[in-house]
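Chemist: Take a look at the following structure, please.
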Amino acid sequence: MSDTLNFSPRSKRIGLIVPSSNTNLEPDCQLLCPPGLTLHFARSGGYDVKAIPDSSEMRKFVRQSLEQNCRDLMDARVDLVAYGCTSATLSDGPAFDAAFCANLCEMTGRPAVTTAGALVEAIHQIGAKKVAFTSPYVTALSQESVSFLAESGIQVVNELCFERALSSLQQNALTPQDAYDMALKADHKDAEAVVISCTDYRALEAVPALEARLGKPVITSNQALMFACLKRLNLLDATLSAGGRLFASAAPKG
């Protein structure tokens, strides 16, 4: 007679499209992954990782064919598809982002989420109307991000990016300490939350310390993306401390 094994079920799968040089989205998503959920990544390349990712590069990147990525993820029988690059659609505004997300849905036959859209959704979730914004983007791309938020009904009361332009690899090399220090500098007395944008910015690990120091919610790209995905799959876990106040906001009231 064979032994009966005790194992946990795997009930849902998220498929994520990630830029090929990005190595921070995957570990961040794992930190926010509840039991029973598995994550499956398709890498999207075709860009110079040593170049400065400005607005034109982002617009070129996002318009590359997604067909192979989507086919690969559908082979994995995922339940939802997420696009893991914030600036790729932030640079083109909310209308483009919404159309791009709708196209992902059409191509896969699955619900879809973009990181830019998830960022807005997370800010609305915590009830913030005024935020401080920081990122490792070049100045022009940071300003386009501010415009994206403004068109989404969110006022940016302070904006801060790095003094030097960073390549994709240099953004990837930033640490949680960098994210912490920049967020403190970006904060403003009128900001109801601090937003840290970029999926390849290792910022999630700084969230608990930042929220304790600032006394207000802190939203990162990867945290927002996972929140939006888990919400659609009815898998939100408000006890995940790495998710900060955003995830705690999903706890049942009363």
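Letters A, B, ... mark the chains of the structure tokens in the order given; residue numbers begin at 1 per chain; ligand numbers begin at 1, in order shown.
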Range 205-211 of chain A: which residues within 8 Å, counting only C-alpha atoms, same-chain residues fewer than 5 positions away excluded, as a list of chain:residue names?
Modeler: A:Pro176, A:Gln177, A:Ala179, A:Tyr180, A:Ala183, A:Leu184, A:Lys216, A:Pro217, A:Val218, A:Ile219, A:Ser241, A:Ala242, A:Gly243, A:Gly244, A:Arg245
Chemist: Env of His188 in chain A: 9 Å cut, atoms = only C-alpha atoms, seq-sep filter 5 positions within chain, self excluded. Answer as a list in words.
Modeler: Val131, Ala132, Val157, Asn158 and Val194 of chain A
Chemist: Write out the residues from the selection above, keeping C-alpha atoms, as a CSV table (one decimal), in the first residue's frame.
Modeler:
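This is the output file out-v5.csv:
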chain,number,residue,atom,x,y,z
A,131,VAL,CA,1.3,62.1,-3.5
A,132,ALA,CA,5.0,62.5,-3.7
A,157,VAL,CA,2.9,67.6,-4.9
A,158,ASN,CA,6.6,66.8,-5.2
A,194,VAL,CA,4.8,58.3,-1.4
Chemist: When you look at range 96-110 of chain A with a cut-off of 8 Å (counting only C-alpha atoms), what residues show up, excluding the ones that are within fewer than 3 positions of it in the same chain? I need them as JSON, numbers by chain.
Modeler: {"A": [67, 70, 71, 74, 79, 80, 81, 89, 90, 92, 93, 113, 114, 116, 117]}
Chemist: Tell me, as a list in words, which residues lie within 10 Å of Ser152 in chain A, counting only C-alpha atoms; anything in the same chain fewer than 2 positions away does not count.
Modeler: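 Once the nearby chain positions are removed, what remains is Gly93, Pro94, Gly117, Val120, Glu121, His124, Lys129, Val146, Ser147, Phe148, Leu149, Ala150, Ile154 and Gln155 of chain A.
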Chemist: Between A:Ala95, A:Leu230, A:Leu5, A:Leu32, which one has atoms that come closest to Glu151 in chain A, using only C-alpha atoms?
Modeler: A:Ala95
Chemist: Which is closest to Pro136 in chain A among A:Glu192, A:Asp200, A:Asp28, A:Asp72, if we use only C-alpha atoms?
Modeler: A:Asp200
Chemist: Which of range 94-252 of chain A counts as strand (DSSP E) under DSSP, as a PDB file with N, CA and C atoms, in the first residue's frame please?
Modeler:
ATOM      1  N   ALA A 112      -6.199  40.982 -17.631  1.00  0.00           N
ATOM      2  CA  ALA A 112      -4.848  41.517 -17.741  1.00  0.00           C
ATOM      3  C   ALA A 112      -4.698  42.755 -16.868  1.00  0.00           C
ATOM      4  N   VAL A 113      -3.469  43.005 -16.449  1.00  0.00           N
ATOM      5  CA  VAL A 113      -3.137  44.151 -15.609  1.00  0.00           C
ATOM      6  C   VAL A 113      -1.835  44.751 -16.110  1.00  0.00           C
ATOM      7  N   THR A 114      -1.755  46.072 -16.192  1.00  0.00           N
ATOM      8  CA  THR A 114      -0.481  46.741 -16.441  1.00  0.00           C
ATOM      9  C   THR A 114       0.012  47.336 -15.134  1.00  0.00           C
ATOM     10  N   LYS A 130      -3.264  63.271  -3.142  1.00  0.00           N
ATOM     11  CA  LYS A 130      -2.022  64.012  -3.318  1.00  0.00           C
ATOM     12  C   LYS A 130      -0.860  63.106  -2.914  1.00  0.00           C
ATOM     13  N   VAL A 131       0.139  62.979  -3.798  1.00  0.00           N
ATOM     14  CA  VAL A 131       1.254  62.074  -3.519  1.00  0.00           C
ATOM     15  C   VAL A 131       2.586  62.745  -3.849  1.00  0.00           C
ATOM     16  N   ALA A 132       3.645  62.215  -3.241  1.00  0.00           N
ATOM     17  CA  ALA A 132       5.006  62.514  -3.665  1.00  0.00           C
ATOM     18  C   ALA A 132       5.446  61.379  -4.585  1.00  0.00           C
ATOM     19  N   PHE A 133       6.260  61.692  -5.568  1.00  0.00           N
ATOM     20  CA  PHE A 133       6.643  60.698  -6.583  1.00  0.00           C
ATOM     21  C   PHE A 133       8.150  60.664  -6.747  1.00  0.00           C
ATOM     22  N   THR A 134       8.713  59.459  -6.733  1.00  0.00           N
ATOM     23  CA  THR A 134      10.137  59.305  -6.993  1.00  0.00           C
ATOM     24  C   THR A 134      10.378  58.053  -7.823  1.00  0.00           C
ATOM     25  N   SER A 135      11.444  58.083  -8.617  1.00  0.00           N
ATOM     26  CA  SER A 135      11.759  56.969  -9.518  1.00  0.00           C
ATOM     27  C   SER A 135      13.206  57.113  -9.969  1.00  0.00           C
ATOM     28  N   GLN A 155      -2.838  64.205  -7.793  1.00  0.00           N
ATOM     29  CA  GLN A 155      -1.927  65.348  -7.841  1.00  0.00           C
ATOM     30  C   GLN A 155      -0.575  64.978  -7.239  1.00  0.00           C
ATOM     31  N   VAL A 156       0.485  65.242  -7.971  1.00  0.00           N
ATOM     32  CA  VAL A 156       1.839  65.024  -7.465  1.00  0.00           C
ATOM     33  C   VAL A 156       2.343  66.346  -6.885  1.00  0.00           C
ATOM     34  N   VAL A 157       2.521  66.371  -5.569  1.00  0.00           N
ATOM     35  CA  VAL A 157       2.925  67.616  -4.897  1.00  0.00           C
ATOM     36  C   VAL A 157       4.437  67.763  -4.828  1.00  0.00           C
ATOM     37  N   ASN A 158       5.158  66.685  -5.066  1.00  0.00           N
ATOM     38  CA  ASN A 158       6.620  66.758  -5.164  1.00  0.00           C
ATOM     39  C   ASN A 158       7.125  65.593  -5.999  1.00  0.00           C
ATOM     40  N   GLU A 159       8.112  65.868  -6.830  1.00  0.00           N
ATOM     41  CA  GLU A 159       8.679  64.863  -7.735  1.00  0.00           C
ATOM     42  C   GLU A 159      10.196  64.864  -7.573  1.00  0.00           C
ATOM     43  N   LEU A 160      10.783  63.677  -7.477  1.00  0.00           N
ATOM     44  CA  LEU A 160      12.232  63.593  -7.308  1.00  0.00           C
ATOM     45  C   LEU A 160      12.786  62.406  -8.089  1.00  0.00           C
ATOM     46  N   CYS A 161      13.777  62.664  -8.940  1.00  0.00           N
ATOM     47  CA  CYS A 161      14.491  61.578  -9.609  1.00  0.00           C
ATOM     48  C   CYS A 161      15.986  61.756  -9.359  1.00  0.00           C
ATOM     49  N   ALA A 193       0.651  60.110   0.479  1.00  0.00           N
ATOM     50  CA  ALA A 193       1.368  58.850   0.245  1.00  0.00           C
ATOM     51  C   ALA A 193       2.609  59.159  -0.576  1.00  0.00           C
ATOM     52  N   VAL A 194       3.559  58.226  -0.552  1.00  0.00           N
ATOM     53  CA  VAL A 194       4.757  58.343  -1.382  1.00  0.00           C
ATOM     54  C   VAL A 194       4.736  57.201  -2.392  1.00  0.00           C
ATOM     55  N   VAL A 195       4.951  57.536  -3.655  1.00  0.00           N
ATOM     56  CA  VAL A 195       4.936  56.560  -4.741  1.00  0.00           C
ATOM     57  C   VAL A 195       6.356  56.372  -5.272  1.00  0.00           C
ATOM     58  N   ILE A 196       6.795  55.114  -5.317  1.00  0.00           N
ATOM     59  CA  ILE A 196       8.128  54.774  -5.846  1.00  0.00           C
ATOM     60  C   ILE A 196       7.910  53.918  -7.092  1.00  0.00           C
ATOM     61  N   VAL A 218       3.190  53.912   1.547  1.00  0.00           N
ATOM     62  CA  VAL A 218       4.195  53.962   0.487  1.00  0.00           C
ATOM     63  C   VAL A 218       3.808  52.916  -0.550  1.00  0.00           C
ATOM     64  N   ILE A 219       3.750  53.335  -1.807  1.00  0.00           N
ATOM     65  CA  ILE A 219       3.336  52.455  -2.901  1.00  0.00           C
ATOM     66  C   ILE A 219       4.501  52.263  -3.848  1.00  0.00           C
ATOM     67  N   THR A 220       4.841  51.009  -4.142  1.00  0.00           N
ATOM     68  CA  THR A 220       5.862  50.715  -5.154  1.00  0.00           C
ATOM     69  C   THR A 220       5.201  50.029  -6.353  1.00  0.00           C
TER      70      THR A 220
END
Chemist: Out of range 10-186 of chain A, which residues get alpha helix (DSSP H) from DSSP, as a PyMOL selection string?
Modeler: chain A and resi 25-31+55-62+67-75+86-90+94-108+115-125+139-151+168-172+176-186
Chemist: Show me, as a list of chain:residue names, the residues that have an atom within 12 Å of Val49 in chain A when counting only C-alpha atoms, minus same-chain residues fewer than 6 positions from it.
Modeler: A:Pro19, A:Ser20, A:Ser21, A:Asn22, A:Glu57, A:Phe61, A:Leu166, A:Ser167, A:Ser168, A:Leu169, A:Gln170, A:Gln171, A:Asn172
Chemist: Produce a file of the selected residues containing C-alpha atoms, as a JSON list (two decimals), in the first residue's frame.
Modeler:
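Here's the written file selection-v9.json:
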[["chain", "number", "residue", "atom", "x", "y", "z"],
["A", 19, "PRO", "CA", 11.88, 43.21, -19.46],
["A", 20, "SER", "CA", 14.81, 40.86, -20.05],
["A", 21, "SER", "CA", 17.29, 42.77, -17.85],
["A", 22, "ASN", "CA", 14.87, 43.09, -14.92],
["A", 57, "GLU", "CA", 13.02, 53.86, -25.79],
["A", 61, "PHE", "CA", 9.88, 48.75, -26.29],
["A", 166, "LEU", "CA", 20.69, 55.73, -15.21],
["A", 167, "SER", "CA", 20.85, 52.86, -17.68],
["A", 168, "SER", "CA", 18.66, 49.79, -17.19],
["A", 169, "LEU", "CA", 21.55, 47.98, -15.51],
["A", 170, "GLN", "CA", 22.24, 50.95, -13.21],
["A", 171, "GLN", "CA", 18.59, 51.11, -12.17],
["A", 172, "ASN", "CA", 18.71, 47.38, -11.50]]
Chemist: Enter the distance from CA of Leu174 in chain A to CA of Cys29 in chain A, in Å, rounded to one decimal.
Modeler: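 Atom-to-atom, CA of Leu174 in chain A and CA of Cys29 in chain A are spaced 17.5 Å apart.
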Chemist: Could you check the closest approach to Leu246 in chain A for each of A:Gln125, A:Ser91, A:Ser145, A:Asn24 and tell me which residue wins, using only C-alpha atoms?
Modeler: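 For Leu246 in chain A, the nearest of the given residues is A:Gln125.
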Chemist: With distances taken over only C-alpha atoms, which residue among A:Ala250, A:Leu37, A:Ala186, A:Leu119 lies nearest Leu233 in chain A?
Modeler: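 The answer is A:Leu37, which sits nearest to Leu233 in chain A.
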Chemist: Suppose you want the space between CA of Phe162 in chain A and CA of Ser56 in chain A; what is it in Å?
Modeler: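 Rounded to one decimal, the two atoms are 19.0 Å apart.
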Chemist: Could you tell me how far CA of Thr115 in chain A lies from CA of Arg213 in chain A, in Å and to one decimal?
Modeler: 25.9 Å
Chemist: So, with only C-alpha atoms as the atoms that count, which of A:Leu214, A:Ala42, A:Pro35, A:Asn234 lies closest to Phe7 in chain A?
Modeler: A:Pro35
Chemist: Under the rule that only C-alpha atoms are counted, which of A:Ser8, A:Phe227, A:Arg202, A:Leu16 is the nearest residue to Ile126 in chain A?
Modeler: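 Of all the options, A:Phe227 lies closest to Ile126 in chain A.
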